[in-house]
>>> print(open('upload_16.csv').read())   # CSV, C-alpha atoms and all ligand atoms
chain,number,residue,atom,x,y,z
A,1,MET,CA,33.4,-17.4,-37.5
A,2,ALA,CA,33.4,-20.7,-35.8
A,3,HIS,CA,36.5,-22.8,-36.0
A,4,PRO,CA,36.1,-25.9,-38.1
A,5,GLU,CA,36.2,-29.1,-36.1
A,6,VAL,CA,38.3,-30.9,-38.7
A,7,ASP,CA,40.7,-29.6,-41.3
A,8,ILE,CA,38.5,-30.4,-44.4
A,9,GLU,CA,37.5,-27.8,-47.0
A,10,LEU,CA,35.2,-27.8,-50.0
A,11,ASP,CA,37.5,-28.3,-53.0
A,12,HIS,CA,35.0,-28.4,-55.8
A,13,ILE,CA,31.6,-29.4,-57.0
A,14,GLY,CA,31.6,-31.8,-59.9
A,15,ILE,CA,29.0,-31.1,-62.6
A,16,ALA,CA,28.3,-33.5,-65.5
A,17,VAL,CA,27.8,-31.7,-68.8
A,18,GLU,CA,27.2,-32.9,-72.4
A,19,ASN,CA,30.3,-30.9,-73.4
A,20,LEU,CA,32.6,-28.4,-71.8
A,21,GLY,CA,31.9,-25.6,-74.3
A,22,SER,CA,28.2,-25.5,-73.9
A,23,GLY,CA,28.4,-26.3,-70.2
A,24,PHE,CA,30.6,-23.3,-69.7
A,25,GLU,CA,28.1,-20.9,-71.3
A,26,ILE,CA,26.2,-20.1,-68.1
A,27,TYR,CA,29.4,-19.4,-66.2
A,28,LYS,CA,30.5,-17.1,-69.0
A,29,ALA,CA,27.3,-15.2,-68.5
A,30,LEU,CA,28.2,-15.0,-64.9
A,31,GLY,CA,31.4,-13.3,-65.9
A,32,PHE,CA,34.0,-16.1,-65.8
A,33,THR,CA,36.3,-16.1,-68.8
A,34,THR,CA,38.7,-19.0,-68.0
A,35,LEU,CA,38.0,-22.7,-68.1
A,36,GLU,CA,41.1,-24.6,-67.2
A,37,THR,CA,40.8,-28.0,-69.0
A,38,GLU,CA,42.5,-31.2,-68.4
A,39,GLU,CA,42.0,-34.8,-69.7
A,40,VAL,CA,41.9,-37.5,-67.1
A,41,PRO,CA,42.2,-40.8,-69.2
A,42,SER,CA,41.9,-43.0,-66.1
A,43,GLU,CA,38.4,-41.6,-65.5
A,44,LYS,CA,37.5,-41.3,-69.2
A,45,VAL,CA,36.6,-37.6,-68.7
A,46,LYS,CA,37.7,-34.2,-69.7
A,47,VAL,CA,37.4,-31.7,-66.9
A,48,GLY,CA,37.1,-28.0,-66.9
A,49,PHE,CA,37.9,-26.1,-63.7
A,50,ILE,CA,36.3,-22.8,-62.8
A,51,HIS,CA,38.0,-21.0,-59.9
A,52,LEU,CA,35.7,-19.4,-57.4
A,53,GLY,CA,36.7,-16.7,-54.9
A,54,ASN,CA,36.8,-18.9,-51.7
A,55,ARG,CA,39.4,-21.5,-52.8
A,56,ALA,CA,36.6,-23.7,-54.0
A,57,ASN,CA,36.0,-24.6,-57.7
A,58,LEU,CA,33.4,-25.9,-60.1
A,59,GLU,CA,34.5,-28.9,-62.1
A,60,LEU,CA,32.7,-29.5,-65.3
A,61,LEU,CA,32.9,-33.1,-66.4
A,62,GLU,CA,32.6,-34.3,-70.0
A,63,ALA,CA,32.7,-38.0,-71.0
A,64,THR,CA,35.4,-38.9,-73.4
A,65,THR,CA,34.1,-42.5,-74.1
A,66,GLN,CA,30.8,-44.3,-74.3
A,67,ASP,CA,31.6,-46.4,-71.2
A,68,SER,CA,32.7,-43.4,-69.1
A,69,THR,CA,30.8,-43.2,-65.8
A,70,ILE,CA,29.9,-39.6,-66.7
A,71,ARG,CA,28.3,-40.8,-70.0
A,72,LYS,CA,26.2,-43.3,-68.0
A,73,PHE,CA,25.3,-40.6,-65.5
A,74,LEU,CA,24.1,-38.3,-68.3
A,75,GLU,CA,22.0,-41.0,-69.8
A,76,LYS,CA,20.4,-41.9,-66.5
A,77,ARG,CA,19.9,-38.5,-65.0
A,78,GLY,CA,20.8,-35.8,-67.5
A,79,PRO,CA,23.3,-33.0,-66.8
A,80,GLY,CA,23.7,-31.8,-63.3
A,81,ILE,CA,25.6,-32.1,-60.0
A,82,HIS,CA,27.6,-35.3,-60.0
A,83,HIS,CA,29.7,-35.2,-56.9
A,84,ILE,CA,31.2,-32.9,-54.2
A,85,CYS,CA,34.9,-33.0,-53.4
A,86,LEU,CA,36.4,-32.4,-50.0
A,87,ARG,CA,40.0,-31.3,-49.7
A,88,VAL,CA,41.7,-33.4,-46.9
A,89,LYS,CA,45.2,-33.5,-45.4
A,90,ASP,CA,45.8,-37.2,-44.8
A,91,ILE,CA,43.8,-39.1,-47.4
A,92,ASP,CA,45.5,-42.5,-46.6
A,93,GLY,CA,44.7,-42.3,-42.9
A,94,LEU,CA,41.2,-41.0,-43.7
A,95,VAL,CA,40.3,-43.7,-46.2
A,96,ARG,CA,41.6,-46.4,-43.8
A,97,ARG,CA,39.5,-45.0,-41.0
A,98,LEU,CA,36.4,-44.8,-43.1
A,99,ALA,CA,36.8,-48.4,-44.3
A,100,ASP,CA,37.4,-49.6,-40.8
A,101,ALA,CA,34.2,-47.8,-39.7
A,102,GLY,CA,32.3,-49.8,-42.4
A,103,VAL,CA,31.9,-46.9,-44.8
A,104,ARG,CA,31.5,-48.2,-48.4
A,105,MET,CA,34.4,-46.9,-50.5
A,106,ILE,CA,34.6,-46.9,-54.3
A,107,HIS,CA,38.3,-46.7,-53.9
A,108,THR,CA,39.9,-48.4,-50.9
A,109,GLU,CA,43.3,-47.0,-52.1
A,110,PRO,CA,43.6,-43.4,-53.2
A,111,LYS,CA,44.6,-43.0,-56.9
A,112,MET,CA,45.8,-40.1,-59.1
A,113,GLY,CA,43.0,-37.7,-60.2
A,114,ALA,CA,43.1,-34.3,-62.0
A,115,HIS,CA,45.3,-31.5,-60.9
A,116,ASN,CA,48.0,-33.6,-59.3
A,117,CYS,CA,45.7,-34.8,-56.5
A,118,ARG,CA,45.3,-38.2,-55.0
A,119,VAL,CA,41.6,-39.0,-54.7
A,120,ALA,CA,39.2,-41.6,-53.4
A,121,PHE,CA,35.5,-41.7,-53.8
A,122,VAL,CA,33.0,-42.7,-51.0
A,123,HIS,CA,30.0,-44.7,-52.3
A,124,PRO,CA,26.7,-42.8,-52.2
A,125,ALA,CA,25.1,-45.8,-50.4
A,126,SER,CA,27.1,-44.7,-47.4
A,127,THR,CA,26.6,-41.0,-47.6
A,128,GLY,CA,22.9,-40.4,-48.0
A,129,GLY,CA,23.0,-40.3,-51.7
A,130,VAL,CA,25.9,-37.9,-52.2
A,131,LEU,CA,28.9,-39.1,-54.2
A,132,ILE,CA,31.8,-37.7,-52.2
A,133,GLU,CA,35.3,-37.4,-53.6
A,134,LEU,CA,38.2,-37.0,-51.1
A,135,SER,CA,41.2,-35.2,-52.5
A,136,GLN,CA,44.7,-34.4,-51.3
A,137,LYS,CA,47.0,-32.2,-53.3
A,138,MET,CA,50.4,-33.7,-53.9
A,139,GLY,CA,53.5,-31.6,-53.8
A,201,ZN,ZN,36.0,-34.1,-58.8
>>> encode(input="upload_16.csv", output="structure tokens")
Amino acid sequence: MAHPEVDIELDHIGIAVENLGSGFEIYKALGFTTLETEEVPSEKVKVGFIHLGNRANLELLEATTQDSTIRKFLEKRGPGIHHICLRVKDIDGLVRRLADAGVRMIHTEPKMGAHNCRVAFVHPASTGGVLIELSQKMG
């Protein structure tokens, strides 16, 4: 296998669902039994994590309020893939470098996300239409 050029891994794929219970059904059918849930009030979402075999995860996202960005996404596009998340080592340095390079960031400062991670989102306008979450595990 080729060595990666940079130390960045796929952490998870974020999937907008109407609710975690019904969203989990297809993964149950695939054989998964555990949906690890957590509420992230700052993002107005409840997330459900499904752990895959290669250190990557699926993150189901349910809106908890009417003004949640996930609620707006569901209204506009319906359920489906919302973002991808890349696991990085130096999120502060990376966010600074991207901003300096003119990349449009939704967060110019990393903030706390689910699972004790610091996260920052890159705007889809700068990524060819893919909402990219950068994430660094704390501690
Ligand atoms: Zn995410």
>>> closest_residue(input="upload_16.csv", among="A:Leu60, A:Leu134, A:Leu52, A:Glu9", to="A:Leu30", atoms="all atoms listed in the file")
A:Leu52
>>> closest_atom_pairs(input="upload_16.csv", of="stretch 7-90 of chain A", to="stretch 103-117 of chain A", cutoff="9 Å", atoms="only C-alpha atoms", output="JSON lines")
{"residue": "A:Glu38", "atom": "CA", "partner": "A:Ala114", "partner_atom": "CA", "distance": 7.1}
{"residue": "A:Glu39", "atom": "CA", "partner": "A:Ala114", "partner_atom": "CA", "distance": 7.8}
{"residue": "A:Val40", "atom": "CA", "partner": "A:Ala114", "partner_atom": "CA", "distance": 6.1}
{"residue": "A:Ser42", "atom": "CA", "partner": "A:Gly113", "partner_atom": "CA", "distance": 8.0}
{"residue": "A:Glu43", "atom": "CA", "partner": "A:Gly113", "partner_atom": "CA", "distance": 8.0}
{"residue": "A:Val47", "atom": "CA", "partner": "A:Ala114", "partner_atom": "CA", "distance": 8.0}
>>> residues_around(input="upload_16.csv", residues="A:Gly23", least_positions_apart="4", cutoff="12 Å", atoms="all atoms listed in the file", output="list in words")
Ile15, Ala16, Val17, Glu18, Asn19, Tyr27, Lys28, Ala29, Leu35, Val47, Gly48, Phe49, Ile50, Leu58, Glu59, Leu60, Leu61, Glu62, Pro79 and Gly80 of chain A
>>> residues_near_ligand(input="upload_16.csv", ligand="ligand ZN 201 (chain A)", cutoff="7 Å", atoms="all atoms listed in the file", output="number ranges by chain")
A: 12-14, 59, 83-85, 133
>>> write_last_selection(input="upload_16.csv", atoms="C-alpha atoms", output="PDB file, in the frame of the given file")
ATOM      1  CA  HIS A  12      35.000 -28.400 -55.800  1.00  0.00           C
ATOM      2  CA  ILE A  13      31.600 -29.400 -57.000  1.00  0.00           C
ATOM      3  CA  GLY A  14      31.600 -31.800 -59.900  1.00  0.00           C
ATOM      4  CA  GLU A  59      34.500 -28.900 -62.100  1.00  0.00           C
ATOM      5  CA  HIS A  83      29.700 -35.200 -56.900  1.00  0.00           C
ATOM      6  CA  ILE A  84      31.200 -32.900 -54.200  1.00  0.00           C
ATOM      7  CA  CYS A  85      34.900 -33.000 -53.400  1.00  0.00           C
ATOM      8  CA  GLU A 133      35.300 -37.400 -53.600  1.00  0.00           C
TER       9      GLU A 133
END
>>> closest_residue(input="upload_16.csv", among="A:Ile132, A:Ile8, A:Gly53, A:Ile70", to="A:Val88", atoms="only C-alpha atoms")
A:Ile8
>>> atom_distance(input="upload_16.csv", atom1="atom CA of A:Ala101", atom2="atom CA of A:His82")
24.7 Å
>>> atom_distance(input="upload_16.csv", atom1="atom CA of A:Phe24", atom2="atom CA of A:Thr37")
11.3 Å
>>> atom_distance(input="upload_16.csv", atom1="atom CA of A:Thr127", atom2="atom CA of A:Val6")
17.8 Å
>>> closest_residue(input="upload_16.csv", among="A:Asp11, A:Glu36, A:Asp67, A:Glu5", to="A:Arg87", atoms="all atoms listed in the file")
A:Asp11
>>> closest_residue(input="upload_16.csv", among="A:Pro4, A:Ser22, A:Thr33, A:Ala120", to="A:Gly93", atoms="all atoms listed in the file")
A:Ala120
>>> build_atoms(input="upload_16.csv", residues="stretch 61-74 of chain A", atoms="N, CA and C atoms", output="PDB file, keeping the file's coordinate frame")
ATOM      1  N   LEU A  61      32.410 -31.783 -66.052  1.00  0.00           N
ATOM      2  CA  LEU A  61      32.900 -33.100 -66.400  1.00  0.00           C
ATOM      3  C   LEU A  61      32.230 -33.531 -67.750  1.00  0.00           C
ATOM      4  N   GLU A  62      33.055 -33.781 -68.755  1.00  0.00           N
ATOM      5  CA  GLU A  62      32.600 -34.300 -70.000  1.00  0.00           C
ATOM      6  C   GLU A  62      33.105 -35.666 -70.275  1.00  0.00           C
ATOM      7  N   ALA A  63      32.233 -36.577 -70.683  1.00  0.00           N
ATOM      8  CA  ALA A  63      32.700 -38.000 -71.000  1.00  0.00           C
ATOM      9  C   ALA A  63      33.517 -37.986 -72.218  1.00  0.00           C
ATOM     10  N   THR A  64      34.572 -38.798 -72.223  1.00  0.00           N
ATOM     11  CA  THR A  64      35.400 -38.900 -73.400  1.00  0.00           C
ATOM     12  C   THR A  64      35.151 -40.271 -74.129  1.00  0.00           C
ATOM     13  N   THR A  65      34.458 -41.191 -73.469  1.00  0.00           N
ATOM     14  CA  THR A  65      34.100 -42.500 -74.100  1.00  0.00           C
ATOM     15  C   THR A  65      32.701 -42.858 -73.778  1.00  0.00           C
ATOM     16  N   GLN A  66      32.181 -43.818 -74.519  1.00  0.00           N
ATOM     17  CA  GLN A  66      30.800 -44.300 -74.300  1.00  0.00           C
ATOM     18  C   GLN A  66      30.651 -45.006 -72.967  1.00  0.00           C
ATOM     19  N   ASP A  67      31.733 -45.605 -72.485  1.00  0.00           N
ATOM     20  CA  ASP A  67      31.600 -46.400 -71.200  1.00  0.00           C
ATOM     21  C   ASP A  67      32.120 -45.547 -70.028  1.00  0.00           C
ATOM     22  N   SER A  68      32.286 -44.251 -70.228  1.00  0.00           N
ATOM     23  CA  SER A  68      32.700 -43.400 -69.100  1.00  0.00           C
ATOM     24  C   SER A  68      31.514 -43.323 -68.096  1.00  0.00           C
ATOM     25  N   THR A  69      31.850 -43.267 -66.817  1.00  0.00           N
ATOM     26  CA  THR A  69      30.800 -43.200 -65.800  1.00  0.00           C
ATOM     27  C   THR A  69      29.976 -41.906 -65.971  1.00  0.00           C
ATOM     28  N   ILE A  70      30.606 -40.858 -66.504  1.00  0.00           N
ATOM     29  CA  ILE A  70      29.900 -39.600 -66.700  1.00  0.00           C
ATOM     30  C   ILE A  70      28.862 -39.779 -67.859  1.00  0.00           C
ATOM     31  N   ARG A  71      29.232 -40.540 -68.901  1.00  0.00           N
ATOM     32  CA  ARG A  71      28.300 -40.800 -70.000  1.00  0.00           C
ATOM     33  C   ARG A  71      27.053 -41.559 -69.422  1.00  0.00           C
ATOM     34  N   LYS A  72      27.321 -42.545 -68.548  1.00  0.00           N
ATOM     35  CA  LYS A  72      26.200 -43.300 -68.000  1.00  0.00           C
ATOM     36  C   LYS A  72      25.352 -42.421 -67.068  1.00  0.00           C
ATOM     37  N   PHE A  73      26.010 -41.539 -66.318  1.00  0.00           N
ATOM     38  CA  PHE A  73      25.300 -40.600 -65.500  1.00  0.00           C
ATOM     39  C   PHE A  73      24.372 -39.714 -66.294  1.00  0.00           C
ATOM     40  N   LEU A  74      24.901 -39.184 -67.399  1.00  0.00           N
ATOM     41  CA  LEU A  74      24.100 -38.300 -68.300  1.00  0.00           C
ATOM     42  C   LEU A  74      22.924 -39.020 -68.857  1.00  0.00           C
TER      43      LEU A  74
END
